[in-house]
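Enquirer: A single structure is presented below for examination.
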Amino acid sequence: MGRVISIANQKGGVGKTTTCINLSASLADMGKKVLTIDMDPQGNTTSGFGIVKDKLERTLYNLLLGEVYLEQVIMKTPVDNLSLIPSNMNLAGAEIELIGFEQREYILKKIVDNAKYLYDFILIDCPPSLNLLTLNALTASDSILVPIQCEFFALEGLTQLLHTISLVQKGLNPFLEIEGVVFTMFDARTNLSVQVVEEVKNHLPKDVYRSIIPRNVRLSEAPSHGLPISMYDERSKGAEAYALLAEEVVERRKL
């Protein structure tokens with residue numbers, strides 16, 4: 001049965017979507033069967049796989065509202081073994097439209113539970129806020145992977161997120177675990193990046209991944225070409241970092 005991992009942080013601009021796209025692709029490159037769910041109305045994960053999001057007739061929005069079946073929404077990506085449930089701005093309307101639904105925080109969980117047996121990993125790219133979409137993702141997940149940008153306010157954002165996880169565990173999903181924290185946009189030339197890494201490790205010594213994602217031009221360019229970094233430039237430092245992260249994620253699942 002597949003493991004469901006939400007990639008989340010209430011703080012924006014920390015590399016959630018970059019991590020979702022490239023970790024998904026790296027796991028698929030290892031031969032794992034992966035489903036990626038774009039839970040962000042911005043649809044950046046969708047476009048990051050080269051899919052023109054604004055022309056889609058069926059998306060996660062329609063699936064959450066019960067207008068289509070799961071198999072009608074799942075799309076192929078350029079990566080073997082990797083499928084996608086896409087999104088676009090229509091998903092923003094789901095917040096209001098789902099208010100009248102019973103057990104509205106569990107809608108995605110019911111969908112995902114039916115798909116768990118078809119995949120090794122299901123990765124969910126969450127929006128940068130605590131809203132009904134994020135709550136659906138966390139309720140449906142086994143664990144949460146937290147990307148943290150190596151900057152001054154990183155620890156403040158982490159504290160808020162840990163509080164949110166605690167609330168979800170108490171009220172919606174008692175089995176939700178912290179999959180791990182991954183550092184993004186690391187610049188070894190700055191003392192600040194090193195300090196942030198050490199500070200977070202002191203707070204969460206067991207949950208921090210060894211793999212650190214560097215600032216990398218090729219990594220920034222890849223989404224505009226609709227490709228994960230492993231296909232855009234497999235020899236780049238970004239590709240190597242996400243390949244190592246994927247290996248760690250698989251290792252932790254075996255423990």
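Chain lettering (A, B, ...) mirrors the order of the structure tokens, residue numbering begins at 1 for each chain separately, and ligand numbering begins at 1 in order of display.
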Give me the residues near range 75-90 of chain A as number ranges by chain, where near means some atom within 10 Å (using only C-alpha atoms) and where sequence neighbours in that chain fewer than 5 positions away do not count.
Expert: A: 24-56, 58-63, 70, 119, 121-124, 226-228, 230-231
Enquirer: Keeping only C-alpha atoms, take the residues you just selected and write them out as a compact mmCIF listing (two decimals), in the first residue's frame.
Expert:
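part-v1.txt, written as the output of this step:
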# COMPACT_ATOMS: atom_id res chain seq x y z
CA SER A 24 8.12 12.79 -7.37
CA ALA A 25 10.25 12.47 -10.50
CA SER A 26 13.24 11.11 -8.59
CA LEU A 27 11.11 8.47 -6.87
CA ALA A 28 9.68 7.49 -10.26
CA ASP A 29 13.20 7.30 -11.68
CA MET A 30 13.93 4.73 -8.96
CA GLY A 31 11.14 2.57 -10.37
CA LYS A 32 8.52 3.56 -7.81
CA LYS A 33 4.97 4.12 -9.01
CA VAL A 34 4.07 7.68 -8.04
CA LEU A 35 0.94 9.83 -8.08
CA THR A 36 1.34 13.59 -7.58
CA ILE A 37 -1.65 15.69 -6.52
CA ASP A 38 -1.57 19.42 -7.22
CA MET A 39 -3.54 20.86 -4.27
CA ASP A 40 -2.54 24.47 -4.96
CA PRO A 41 -4.96 26.62 -7.03
CA GLN A 42 -1.93 28.29 -8.64
CA GLY A 43 -1.38 25.01 -10.47
CA ASN A 44 2.40 25.37 -10.58
CA THR A 45 3.03 21.66 -10.15
CA THR A 46 0.72 21.04 -13.11
CA SER A 47 2.54 23.51 -15.38
CA GLY A 48 5.88 22.28 -14.02
CA PHE A 49 5.16 18.98 -15.80
CA GLY A 50 4.47 20.79 -19.08
CA ILE A 51 0.67 20.64 -18.85
CA VAL A 52 -1.29 23.71 -20.00
CA LYS A 53 -3.44 24.09 -16.90
CA ASP A 54 -5.90 26.73 -18.15
CA LYS A 55 -7.18 24.45 -20.93
CA LEU A 56 -7.98 21.49 -18.69
CA ARG A 58 -11.23 18.03 -15.62
CA THR A 59 -9.07 18.79 -12.58
CA LEU A 60 -8.84 18.12 -8.86
CA TYR A 61 -11.61 20.70 -8.43
CA ASN A 62 -14.10 18.51 -10.30
CA LEU A 63 -12.90 15.44 -8.42
CA LEU A 70 -10.54 9.47 -10.21
CA TYR A 119 0.93 3.51 -6.08
CA PHE A 121 3.95 6.99 -3.16
CA ILE A 122 1.30 9.69 -3.37
CA LEU A 123 2.73 13.20 -3.00
CA ILE A 124 0.51 16.23 -2.39
CA GLY A 226 7.82 21.79 -18.24
CA LEU A 227 10.34 19.24 -17.00
CA PRO A 228 11.65 18.02 -13.65
CA SER A 230 16.22 14.99 -13.66
CA MET A 231 15.06 15.35 -17.28
Enquirer: Pick out the residues sitting within 10 Å of Tyr117 in chain A, and hand them over as number ranges by chain; count only C-alpha atoms, and ignore anything fewer than 6 positions along from it in its own chain.
Expert: A: 1-3
Enquirer: Write a file of the just-selected residues containing C-alpha atoms, as an mmCIF file, in the first residue's frame.
Expert:
data_model
loop_
_atom_site.group_PDB
_atom_site.id
_atom_site.type_symbol
_atom_site.label_atom_id
_atom_site.label_comp_id
_atom_site.auth_asym_id
_atom_site.auth_seq_id
_atom_site.Cartn_x
_atom_site.Cartn_y
_atom_site.Cartn_z
ATOM 1 C CA MET A 1 0.000 0.000 0.000
ATOM 2 C CA GLY A 2 1.320 3.432 -0.941
ATOM 3 C CA ARG A 3 2.544 6.096 1.459
#
Enquirer: Excluding range 232-238 of chain A and any residue of its chain fewer than 6 positions from it, enumerate the residues within 9 Å of it, using only C-alpha atoms, and give them as a ChimeraX atom specification.
Expert: /A:213-219,221-222,225-226
Enquirer: Would you put the residues from that selection into a file with C-alpha atoms, as a PDB file, in the first residue's frame?
Expert:
ATOM      1  CA  ILE A 213      18.837  21.262  -1.831  1.00  0.00           C
ATOM      2  CA  PRO A 214      21.242  23.967  -3.068  1.00  0.00           C
ATOM      3  CA  ARG A 215      20.495  27.205  -4.853  1.00  0.00           C
ATOM      4  CA  ASN A 216      20.853  26.123  -8.458  1.00  0.00           C
ATOM      5  CA  VAL A 217      20.194  28.011 -11.691  1.00  0.00           C
ATOM      6  CA  ARG A 218      19.268  24.866 -13.633  1.00  0.00           C
ATOM      7  CA  LEU A 219      16.746  23.943 -10.934  1.00  0.00           C
ATOM      8  CA  GLU A 221      15.016  27.013 -15.167  1.00  0.00           C
ATOM      9  CA  ALA A 222      13.466  23.527 -15.344  1.00  0.00           C
ATOM     10  CA  HIS A 225      10.528  23.962 -19.807  1.00  0.00           C
ATOM     11  CA  GLY A 226       7.820  21.790 -18.238  1.00  0.00           C
TER      12      GLY A 226
END
Enquirer: Can you tell me, as a PyMOL selection string, what residues are no more than 10 Å from range 191-193 of chain A when counting only C-alpha atoms, ignoring any on the same chain fewer than 6 positions away?
Expert: chain A and resi 149-152+183-185
Enquirer: Write the residues of the selection above to a file with C-alpha atoms, as an mmCIF file, in the first residue's frame.
Expert:
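In the end it all went to out.cif:
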data_model
loop_
_atom_site.group_PDB
_atom_site.id
_atom_site.type_symbol
_atom_site.label_atom_id
_atom_site.label_comp_id
_atom_site.auth_asym_id
_atom_site.auth_seq_id
_atom_site.Cartn_x
_atom_site.Cartn_y
_atom_site.Cartn_z
ATOM 1 C CA GLN A 149 14.306 27.856 3.038
ATOM 2 C CA CYS A 150 17.660 28.686 4.589
ATOM 3 C CA GLU A 151 16.745 32.191 5.717
ATOM 4 C CA PHE A 152 16.305 34.214 8.905
ATOM 5 C CA PHE A 183 16.502 22.435 3.577
ATOM 6 C CA THR A 184 16.093 24.281 0.277
ATOM 7 C CA MET A 185 17.901 27.153 -1.448
#
Enquirer: To one decimal place, how far is CA of Glu198 in chain A from CA of Gly15 in chain A in Å?
Expert: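 Answer for the CA of Glu198 in chain A to CA of Gly15 in chain A separation: 19.3 Å.
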Enquirer: For a test of reading the model, state the distance in Å between CA of Lys109 in chain A and CA of Leu133 in chain A, rounded to one decimal.
Expert: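 About the pair CA of Lys109 in chain A and CA of Leu133 in chain A: they are 11.4 Å apart.
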Enquirer: Find the residue from A:Ile99, A:Leu155, A:Ala137, A:Val73 that sits nearest to Lys11 in chain A; use only C-alpha atoms when measuring.
Expert: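 Using only C-alpha atoms, the shortest distance to Lys11 in chain A belongs to A:Leu155.
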Enquirer: According to DSSP computed on the backbone, where in range 118-219 of chain A is there helix (DSSP H, G or I)? Give the residues as a PyMOL selection string.
Expert: chain A and resi 118+132-140+154-171+191-203+217-219
Enquirer: Extract the full set of strand (DSSP E or B) residues from range 65-232 of chain A according to DSSP on the backbone, and format it as number ranges by chain.
Expert: A: 75-76, 82-85, 121-125, 143-149, 177-186, 208-214
Enquirer: Could you write out the selected residues, including C-alpha atoms, as an mmCIF file, in the first residue's frame?
Expert:
data_model
loop_
_atom_site.group_PDB
_atom_site.id
_atom_site.type_symbol
_atom_site.label_atom_id
_atom_site.label_comp_id
_atom_site.auth_asym_id
_atom_site.auth_seq_id
_atom_site.Cartn_x
_atom_site.Cartn_y
_atom_site.Cartn_z
ATOM 1 C CA MET A 75 -2.919 12.399 -16.362
ATOM 2 C CA LYS A 76 0.389 11.099 -17.627
ATOM 3 C CA LEU A 82 4.629 9.229 -12.598
ATOM 4 C CA SER A 83 0.991 10.337 -12.895
ATOM 5 C CA LEU A 84 -0.636 13.627 -11.939
ATOM 6 C CA ILE A 85 -3.966 14.945 -10.684
ATOM 7 C CA PHE A 121 3.952 6.988 -3.156
ATOM 8 C CA ILE A 122 1.297 9.686 -3.372
ATOM 9 C CA LEU A 123 2.730 13.199 -2.997
ATOM 10 C CA ILE A 124 0.507 16.231 -2.389
ATOM 11 C CA ASP A 125 1.656 19.790 -3.117
ATOM 12 C CA SER A 143 3.080 12.108 6.917
ATOM 13 C CA ILE A 144 4.189 15.637 6.127
ATOM 14 C CA LEU A 145 7.452 16.645 4.479
ATOM 15 C CA VAL A 146 8.473 20.213 5.294
ATOM 16 C CA PRO A 147 10.708 22.228 2.950
ATOM 17 C CA ILE A 148 12.491 25.044 4.787
ATOM 18 C CA GLN A 149 14.306 27.856 3.038
ATOM 19 C CA GLU A 177 3.650 12.012 11.314
ATOM 20 C CA ILE A 178 6.472 14.345 10.395
ATOM 21 C CA GLU A 179 8.165 12.664 7.446
ATOM 22 C CA GLY A 180 11.090 15.059 7.680
ATOM 23 C CA VAL A 181 12.433 18.563 7.133
ATOM 24 C CA VAL A 182 14.418 19.294 3.978
ATOM 25 C CA PHE A 183 16.502 22.435 3.577
ATOM 26 C CA THR A 184 16.093 24.281 0.277
ATOM 27 C CA MET A 185 17.901 27.153 -1.448
ATOM 28 C CA PHE A 186 21.035 26.433 0.569
ATOM 29 C CA VAL A 208 16.033 16.468 9.368
ATOM 30 C CA TYR A 209 17.081 14.932 6.049
ATOM 31 C CA ARG A 210 20.776 14.678 5.310
ATOM 32 C CA SER A 211 20.138 15.770 1.729
ATOM 33 C CA ILE A 212 20.182 19.548 1.298
ATOM 34 C CA ILE A 213 18.837 21.262 -1.831
ATOM 35 C CA PRO A 214 21.242 23.967 -3.068
#
